[in-house]
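Just structure.cif here, mmCIF, C-alpha atoms:
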data_my_file
loop_
_atom_site.label_atom_id
_atom_site.label_comp_id
_atom_site.auth_asym_id
_atom_site.auth_seq_id
_atom_site.Cartn_x
_atom_site.Cartn_y
_atom_site.Cartn_z
CA MET A 1 -10.03 -3.18 14.53
CA ALA A 2 -10.67 -3.38 10.79
CA PHE A 3 -12.84 -5.49 8.48
CA LEU A 4 -10.89 -6.30 5.31
CA LEU A 5 -11.98 -8.05 2.12
CA SER A 6 -9.39 -10.06 0.16
CA ILE A 7 -9.84 -11.20 -3.45
CA ASP A 8 -7.66 -13.62 -5.44
CA ALA A 9 -8.45 -14.88 -8.94
CA SER A 10 -4.93 -15.04 -10.31
CA THR A 11 -4.69 -18.81 -10.88
CA ASN A 12 -7.02 -21.73 -11.59
CA HIS A 13 -8.84 -21.27 -8.30
CA ALA A 14 -10.46 -18.06 -7.13
CA SER A 15 -11.29 -17.13 -3.55
CA VAL A 16 -12.53 -14.29 -1.39
CA ALA A 17 -12.09 -13.83 2.34
CA VAL A 18 -13.49 -11.46 4.94
CA ALA A 19 -11.21 -10.89 7.91
CA GLN A 20 -11.32 -8.92 11.11
CA ASP A 21 -7.77 -7.68 11.42
CA ASN A 22 -5.77 -10.84 10.55
CA GLN A 23 -8.47 -13.29 11.64
CA VAL A 24 -10.38 -14.81 8.71
CA LEU A 25 -14.13 -14.83 9.43
CA ALA A 26 -15.37 -16.27 6.13
CA LEU A 27 -13.79 -17.82 3.05
CA ARG A 28 -15.32 -18.75 -0.30
CA SER A 29 -13.53 -20.47 -3.19
CA CYS A 30 -14.15 -21.66 -6.75
CA GLY A 31 -12.07 -24.22 -8.62
CA GLU A 32 -13.61 -23.65 -12.06
CA GLN A 33 -11.48 -21.03 -13.79
CA LYS A 34 -14.13 -20.24 -16.43
CA GLU A 35 -16.59 -19.32 -13.66
CA HIS A 36 -14.40 -16.83 -11.81
CA ALA A 37 -16.16 -13.77 -13.21
CA SER A 38 -19.60 -14.98 -12.14
CA PHE A 39 -18.27 -16.31 -8.82
CA LEU A 40 -16.75 -13.19 -7.28
CA GLN A 41 -19.66 -10.85 -6.55
CA PRO A 42 -22.03 -13.49 -5.08
CA ALA A 43 -19.13 -14.95 -3.07
CA ILE A 44 -18.27 -11.53 -1.63
CA ALA A 45 -21.86 -10.97 -0.56
CA ASP A 46 -22.09 -14.47 0.90
CA ALA A 47 -18.80 -14.11 2.81
CA CYS A 48 -19.95 -10.81 4.30
CA ARG A 49 -23.18 -12.43 5.45
CA GLU A 50 -21.31 -15.26 7.13
CA ALA A 51 -18.97 -12.77 8.79
CA GLY A 52 -21.99 -10.88 10.09
CA ILE A 53 -21.15 -7.58 8.44
CA SER A 54 -22.44 -5.45 5.59
CA LEU A 55 -20.37 -4.25 2.64
CA ASN A 56 -20.48 -0.76 4.14
CA GLN A 57 -18.49 -2.00 7.14
CA LEU A 58 -15.50 -2.98 5.01
CA GLN A 59 -12.54 -0.69 5.61
CA ALA A 60 -10.27 -1.83 2.77
CA VAL A 61 -10.17 -4.26 -0.14
CA ALA A 62 -7.07 -6.30 -0.99
CA VAL A 63 -6.38 -8.04 -4.31
CA THR A 64 -3.59 -10.04 -5.92
CA LEU A 65 -2.08 -8.29 -8.95
CA GLY A 66 -0.39 -11.28 -10.55
CA PRO A 67 1.30 -12.84 -12.34
CA GLY A 68 -1.29 -15.37 -13.37
CA SER A 69 -4.42 -15.68 -15.49
CA TYR A 70 -4.90 -12.60 -17.66
CA THR A 71 -8.68 -12.74 -17.38
CA GLY A 72 -8.68 -13.59 -13.69
CA LEU A 73 -6.37 -10.70 -12.84
CA ARG A 74 -8.50 -8.20 -14.75
CA VAL A 75 -11.75 -9.45 -13.23
CA ALA A 76 -10.41 -9.43 -9.67
CA LEU A 77 -8.83 -5.99 -9.93
CA ALA A 78 -11.94 -4.50 -11.54
CA SER A 79 -14.09 -5.94 -8.74
CA ALA A 80 -11.74 -4.62 -6.06
CA LYS A 81 -11.54 -1.15 -7.61
CA GLY A 82 -15.30 -0.96 -8.05
CA LEU A 83 -15.90 -1.79 -4.41
CA CYS A 84 -13.24 0.65 -3.22
CA TYR A 85 -14.74 3.43 -5.32
CA ALA A 86 -18.30 2.71 -4.21
CA LEU A 87 -17.45 2.32 -0.53
CA GLN A 88 -14.77 5.03 -0.48
CA VAL A 89 -12.22 2.70 1.12
CA PRO A 90 -8.54 2.15 0.23
CA LEU A 91 -7.16 -0.50 -2.12
CA ILE A 92 -4.37 -2.88 -1.06
CA THR A 93 -2.44 -4.76 -3.75
CA THR A 94 -0.04 -7.69 -3.41
CA GLY A 95 1.82 -9.88 -5.88
CA THR A 96 0.51 -13.43 -6.24
CA LEU A 97 3.96 -14.94 -5.72
CA GLU A 98 4.32 -13.03 -2.45
CA VAL A 99 1.08 -14.60 -1.20
CA MET A 100 2.32 -18.01 -2.30
CA ALA A 101 5.64 -17.44 -0.54
CA LEU A 102 3.81 -16.77 2.74
CA ALA A 103 1.88 -20.04 2.35
CA ALA A 104 5.18 -21.84 1.70
CA GLN A 105 6.83 -20.29 4.75
CA GLN A 106 3.99 -21.50 6.97
CA HIS A 107 3.99 -24.97 5.37
CA MET A 108 7.74 -25.43 5.72
CA ALA A 109 7.74 -24.27 9.34
CA HIS A 110 5.11 -26.91 10.12
CA TYR A 111 6.32 -29.86 8.03
CA HIS A 112 10.09 -29.22 7.81
CA PRO A 113 11.03 -27.40 11.03
CA HIS A 114 14.59 -28.78 10.86
CA LEU A 115 15.35 -26.72 7.75
CA ASN A 116 16.49 -23.22 8.68
CA GLU A 117 18.11 -22.14 5.43
CA TYR A 118 16.23 -22.77 2.22
CA LEU A 119 14.61 -20.97 -0.68
CA VAL A 120 11.00 -21.11 -1.83
CA CYS A 121 10.13 -20.96 -5.51
CA PRO A 122 6.43 -20.55 -6.33
CA MET A 123 5.47 -21.52 -9.87
CA ILE A 124 2.34 -20.58 -11.80
CA ASP A 125 1.60 -22.51 -14.98
CA ALA A 126 2.06 -20.33 -18.06
CA ARG A 127 1.36 -23.16 -20.54
CA ARG A 128 3.76 -25.36 -22.49
CA GLN A 129 7.07 -25.53 -20.57
CA GLU A 130 6.80 -21.98 -19.27
CA VAL A 131 6.03 -20.80 -15.75
CA PHE A 132 5.72 -17.52 -13.89
CA THR A 133 8.09 -17.74 -10.98
CA GLY A 134 10.36 -15.96 -8.53
CA MET A 135 12.65 -16.82 -5.63
CA TYR A 136 12.28 -16.03 -1.93
CA THR A 137 14.26 -16.79 1.21
CA GLU A 138 12.78 -18.70 4.15
CA THR A 139 11.85 -15.32 5.65
CA ARG A 140 10.08 -14.25 2.40
CA ALA A 141 12.73 -11.79 1.30
CA CYS A 142 12.48 -11.55 -2.48
CA ILE A 143 15.78 -12.36 -4.20
CA THR A 144 14.38 -12.86 -7.72
CA PRO A 145 11.39 -10.71 -8.75
CA PRO A 146 8.56 -12.35 -10.76
CA PHE A 147 9.52 -13.38 -14.29
CA ALA A 148 8.50 -15.81 -17.03
CA LEU A 149 10.76 -18.83 -17.46
CA ILE A 150 10.89 -21.66 -20.01
CA LEU A 151 11.95 -24.65 -17.94
CA GLU A 152 15.10 -26.53 -18.90
CA GLN A 153 17.08 -29.24 -17.14
CA ASP A 154 19.65 -26.80 -15.77
CA SER A 155 17.11 -24.22 -14.54
CA PHE A 156 17.80 -23.20 -10.91
CA LEU A 157 21.05 -25.22 -10.88
CA GLN A 158 22.99 -22.39 -9.25
CA GLN A 159 20.52 -22.16 -6.35
CA LEU A 160 20.08 -25.92 -5.96
CA ASP A 161 23.83 -26.53 -5.71
CA LYS A 162 23.94 -24.23 -2.68
CA GLN A 163 20.86 -25.10 -0.61
CA PRO A 164 17.43 -26.77 -0.59
CA VAL A 165 14.75 -25.13 -2.73
CA CYS A 166 11.03 -25.73 -2.22
CA PHE A 167 9.12 -25.73 -5.52
CA PHE A 168 5.32 -25.60 -5.53
CA GLY A 169 2.32 -24.18 -7.32
CA THR A 170 0.33 -24.90 -10.45
CA GLY A 171 3.46 -25.05 -12.61
CA ALA A 172 5.68 -27.14 -10.33
CA ALA A 173 4.65 -30.52 -11.82
CA LYS A 174 6.29 -29.60 -15.13
CA TRP A 175 9.56 -28.85 -13.35
CA GLU A 176 9.34 -31.97 -11.17
CA ALA A 177 9.16 -34.10 -14.33
CA VAL A 178 12.63 -32.95 -15.47
CA CYS A 179 14.39 -32.09 -12.19
CA ASN A 180 16.24 -34.78 -10.23
CA HIS A 181 18.47 -32.63 -8.03
CA PRO A 182 18.67 -33.89 -4.41
CA ASN A 183 18.12 -30.38 -3.02
CA ALA A 184 14.82 -29.95 -4.89
CA LEU A 185 11.75 -30.26 -2.66
CA PHE A 186 8.29 -30.50 -4.21
CA GLU A 187 5.54 -29.73 -1.71
CA PRO A 188 1.69 -29.76 -1.94
CA ILE A 189 1.24 -26.18 -0.77
CA SER A 190 -2.08 -24.38 -1.19
CA TRP A 191 -2.91 -20.70 -0.82
CA HIS A 192 -6.07 -18.60 -1.05
CA ALA A 193 -7.56 -15.23 -0.16
CA GLY A 194 -7.21 -16.10 3.51
CA THR A 195 -3.43 -16.12 3.02
CA LEU A 196 -3.69 -12.76 1.27
CA ALA A 197 -5.69 -11.47 4.26
CA GLU A 198 -2.60 -11.80 6.48
CA LEU A 199 -0.55 -9.60 4.15
CA ALA A 200 -3.47 -7.20 3.77
CA TRP A 201 -3.64 -6.69 7.53
CA SER A 202 0.08 -5.89 7.65
CA ALA A 203 -0.36 -3.37 4.82
CA TRP A 204 -3.37 -1.86 6.60
CA GLN A 205 -1.34 -1.36 9.76
CA ARG A 206 1.39 0.39 7.75
CA GLN A 207 -1.24 2.36 5.80
CA GLU A 208 0.27 1.15 2.53
CA PHE A 209 -2.45 1.69 -0.04
CA ALA A 210 -2.47 1.52 -3.84
CA SER A 211 -3.77 4.01 -6.36
CA LEU A 212 -7.28 3.32 -7.64
CA ALA A 213 -6.48 5.18 -10.84
CA TYR A 214 -3.12 3.65 -11.70
CA SER A 215 -3.04 0.14 -10.22
CA ALA A 216 -2.78 -2.44 -13.01
CA PRO A 217 -2.34 -6.22 -13.24
CA MET A 218 1.21 -7.59 -13.13
CA TYR A 219 1.19 -9.63 -16.31
CA VAL A 220 5.01 -10.20 -16.43
CA LYS A 221 4.77 -10.92 -20.15
CA GLU A 222 2.61 -9.62 -22.97
CA PHE A 223 -0.74 -11.22 -23.67
CA HIS A 224 -0.66 -13.55 -26.70
CA THR A 225 -3.56 -14.78 -28.77
CA THR A 226 -3.82 -16.89 -31.90
CA VAL A 227 -6.93 -15.01 -33.06
CA SER A 228 -6.16 -12.83 -36.07
CA PRO A 229 -7.33 -9.20 -35.89
CA LYS A 230 -10.28 -8.27 -38.05
CA LYS A 231 -9.42 -6.42 -41.22
#
What is this file in structure tokens?
Amino acid sequence: MAFLLSIDASTNHASVAVAQDNQVLALRSCGEQKEHASFLQPAIADACREAGISLNQLQAVAVTLGPGSYTGLRVALASAKGLCYALQVPLITTGTLEVMALAAQQHMAHYHPHLNEYLVCPMIDARRQEVFTGMYTETRACITPPFALILEQDSFLQQLDKQPVCFFGTGAAKWEAVCNHPNALFEPISWHAGTLAELAWSAWQRQEFASLAYSAPMYVKEFHTTVSPKK
């Protein structure tokens, strides 16, 4: 038995979950992206109280590495590392798209059980016509690692001509506006730290832990700002 804390602040909603093994005991979320930094620590303390445990009873901390919000990724990873260092517990890291793919697998099994061969394509809004995305099979095998893509009308044509593809996430609306392929499915799929908790438990069982010193956010592309450096 293990008490695990999961933290996700990679997109426009942030969440934390406390789980016993793979059973979520408490979940807290925040939909205001600008408040993620101030949300995390009080939410962690509140979730632990609801779960009936103290911080000292946590046995690992899991966090999403990205891609996603530059600020959110840094804040979440810093919080996770700080807790791991203070509590002397291991760190578990998982890609955001992998968490999203698990949510999609569960959604499709429930709402589209007749489909047994399809792809899932999580999309995270990267502003303008760009998204962070990747491609996974119905069993969550990664066939296209995370990358940044500027959406065009013929994007994903090769995959769509072969089989159904489920598109979802914060960037999917931009693709839905230009895609009219009959094999394109657009689904209202949500994910949160409770979804991450399932992957964290699997990693805990395999004892797959990340380095506190060298773990870094998965930005996928370089940070860009329009602010000119001071001379």
Q: Give as a PyMOL selection string the residues that the PyMOL selection byres ((chain A and resi 99) around 9) matches when applied to the coordinates above.
A: chain A and resi 64+94-98+100-104+191-193+195-196+198-199
Q.
Measuring between only C-alpha atoms, which one of A:Gly72, A:Gly169, A:Pro113, A:Pro164 shows the shortest distance to Ala37 of chain A?
A.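 Closest to Ala37 of chain A, using only C-alpha atoms: A:Gly72.
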(Q) Considering all atoms listed in the file, can you say which of A:Ala197, A:Gly66, A:Asp154, A:Ala210 comes closest to Gly134 of chain A? (A) A:Gly66
Taking the file as shown, find all residues satisfying the PyMOL selection byres ((chain A and resi 18) around 8) and write them as a PDB file with C-alpha atoms, keeping the file's coordinate frame.
ATOM      1  CA  PHE A   3     -12.840  -5.490   8.480  1.00  0.00           C
ATOM      2  CA  LEU A   4     -10.890  -6.300   5.310  1.00  0.00           C
ATOM      3  CA  LEU A   5     -11.980  -8.050   2.120  1.00  0.00           C
ATOM      4  CA  SER A   6      -9.390 -10.060   0.160  1.00  0.00           C
ATOM      5  CA  VAL A  16     -12.530 -14.290  -1.390  1.00  0.00           C
ATOM      6  CA  ALA A  17     -12.090 -13.830   2.340  1.00  0.00           C
ATOM      7  CA  ALA A  19     -11.210 -10.890   7.910  1.00  0.00           C
ATOM      8  CA  GLN A  20     -11.320  -8.920  11.110  1.00  0.00           C
ATOM      9  CA  VAL A  24     -10.380 -14.810   8.710  1.00  0.00           C
ATOM     10  CA  LEU A  25     -14.130 -14.830   9.430  1.00  0.00           C
ATOM     11  CA  ALA A  26     -15.370 -16.270   6.130  1.00  0.00           C
ATOM     12  CA  LEU A  27     -13.790 -17.820   3.050  1.00  0.00           C
ATOM     13  CA  ALA A  47     -18.800 -14.110   2.810  1.00  0.00           C
ATOM     14  CA  CYS A  48     -19.950 -10.810   4.300  1.00  0.00           C
ATOM     15  CA  ALA A  51     -18.970 -12.770   8.790  1.00  0.00           C
ATOM     16  CA  GLY A 194      -7.210 -16.100   3.510  1.00  0.00           C
ATOM     17  CA  ALA A 197      -5.690 -11.470   4.260  1.00  0.00           C
TER      18      ALA A 197
END
Q) What is the atom CA of Leu73 of chain A to atom CA of Leu149 of chain A distance in Å? A) 19.5 Å
How close does segment 3-66 of chain A get to segment 79-86 of chain A? List, as a tab-separated table, each residue of segment 3-66 of chain A within 10 Å, its nearest atom pair and the distance in Å to one decimal, counting all atoms listed in the file.
residue	atom	partner	partner_atom	distance
A:Leu5	CA	A:Ala80	CA	8.9
A:Ser6	CA	A:Ala80	CA	8.6
A:Ile7	CA	A:Ala80	CA	7.3
A:Asp8	CA	A:Ala80	CA	9.9
A:Ala37	CA	A:Ser79	CA	9.3
A:Leu40	CA	A:Ser79	CA	7.9
A:Gln41	CA	A:Ser79	CA	7.7
A:Ile44	CA	A:Ser79	CA	10.0
A:Leu55	CA	A:Leu83	CA	8.7
A:Asn56	CA	A:Ala86	CA	9.3
A:Leu58	CA	A:Cys84	CA	9.3
A:Gln59	CA	A:Cys84	CA	9.0
A:Ala60	CA	A:Cys84	CA	7.1
A:Val61	CA	A:Ala80	CA	6.1
A:Ala62	CA	A:Ala80	CA	7.1
A:Val63	CA	A:Ala80	CA	6.6
A:Thr64	CA	A:Ala80	CA	9.8
(Q) I'd like to see the residues matched by the PyMOL selection byres ((chain A and resi 130) around 7) on this file, and ideally I'd get them as a ChimeraX atom specification. (A) /A:125-129,131,148-151
Q. For Leu115 of chain A, which residue out of A:Asp161, A:Lys174, A:Leu185, A:Cys142 is the nearest one, using only C-alpha atoms?
A. A:Leu185
Q. Out of A:Cys166, A:Ala109, A:Ile189, A:Leu65, which residue has the shortest atom-to-atom distance to Met218 of chain A when counting only C-alpha atoms?
A.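 Checking each candidate against Met218 of chain A, we get A:Leu65 as the closest.
Comparing the minimum interatomic distances between Arg49 of chain A and each of A:Pro122, A:Arg28, A:Tyr214, A:Gly68, counting all atoms listed in the file, we find that A:Arg28 sits nearest.
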Q. Restricting the calculation to all atoms listed in the file, which member of A:Ala76, A:His114, A:Pro188, A:Gln158 is positioned closest to Thr93 of chain A?
A.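 Checking each of A:Ala76, A:His114, A:Pro188, A:Gln158 against Thr93 of chain A, counting all atoms listed in the file, the winner is A:Ala76.
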Q | Point-to-point distance from atom CA of Trp175 of chain A to atom CA of Phe156 of chain A, Å rounded to tenths | A |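 Interatomic distance, atom CA of Trp175 of chain A to atom CA of Phe156 of chain A: 10.3 Å.
The interatomic distance for the pair atom CA of Phe209 of chain A and atom CA of Lys221 of chain A works out to 24.8 Å.
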Give, as lines of an AutoDock Vina configuration file, the centre coordinates and the x, y and z edge lengths in Å to one decimal for an axis-aligned box around all listed atoms of segment 206-220 of chain A, padded by 8 Å on each side.
center_x = -1.1
center_y = -2.5
center_z = -4.3
size_x = 28.3
size_y = 31.4
size_z = 40.2
Q.
For a quick check of your reading of the model, name the residues lying within 7 Å of the coordinate (8.0, -13.1, -11.1), counting only C-alpha atoms, and write them as a ChimeraX atom specification.
A. /A:67,97,132-134,145-148,220
Q: Using only C-alpha atoms, determine which residues lie at most 8 Å from Leu160 of chain A, disregarding the query and same-chain residues fewer than 6 positions distant; provide the list as an NGL selection string.
A: :A and (181 or 183-184)
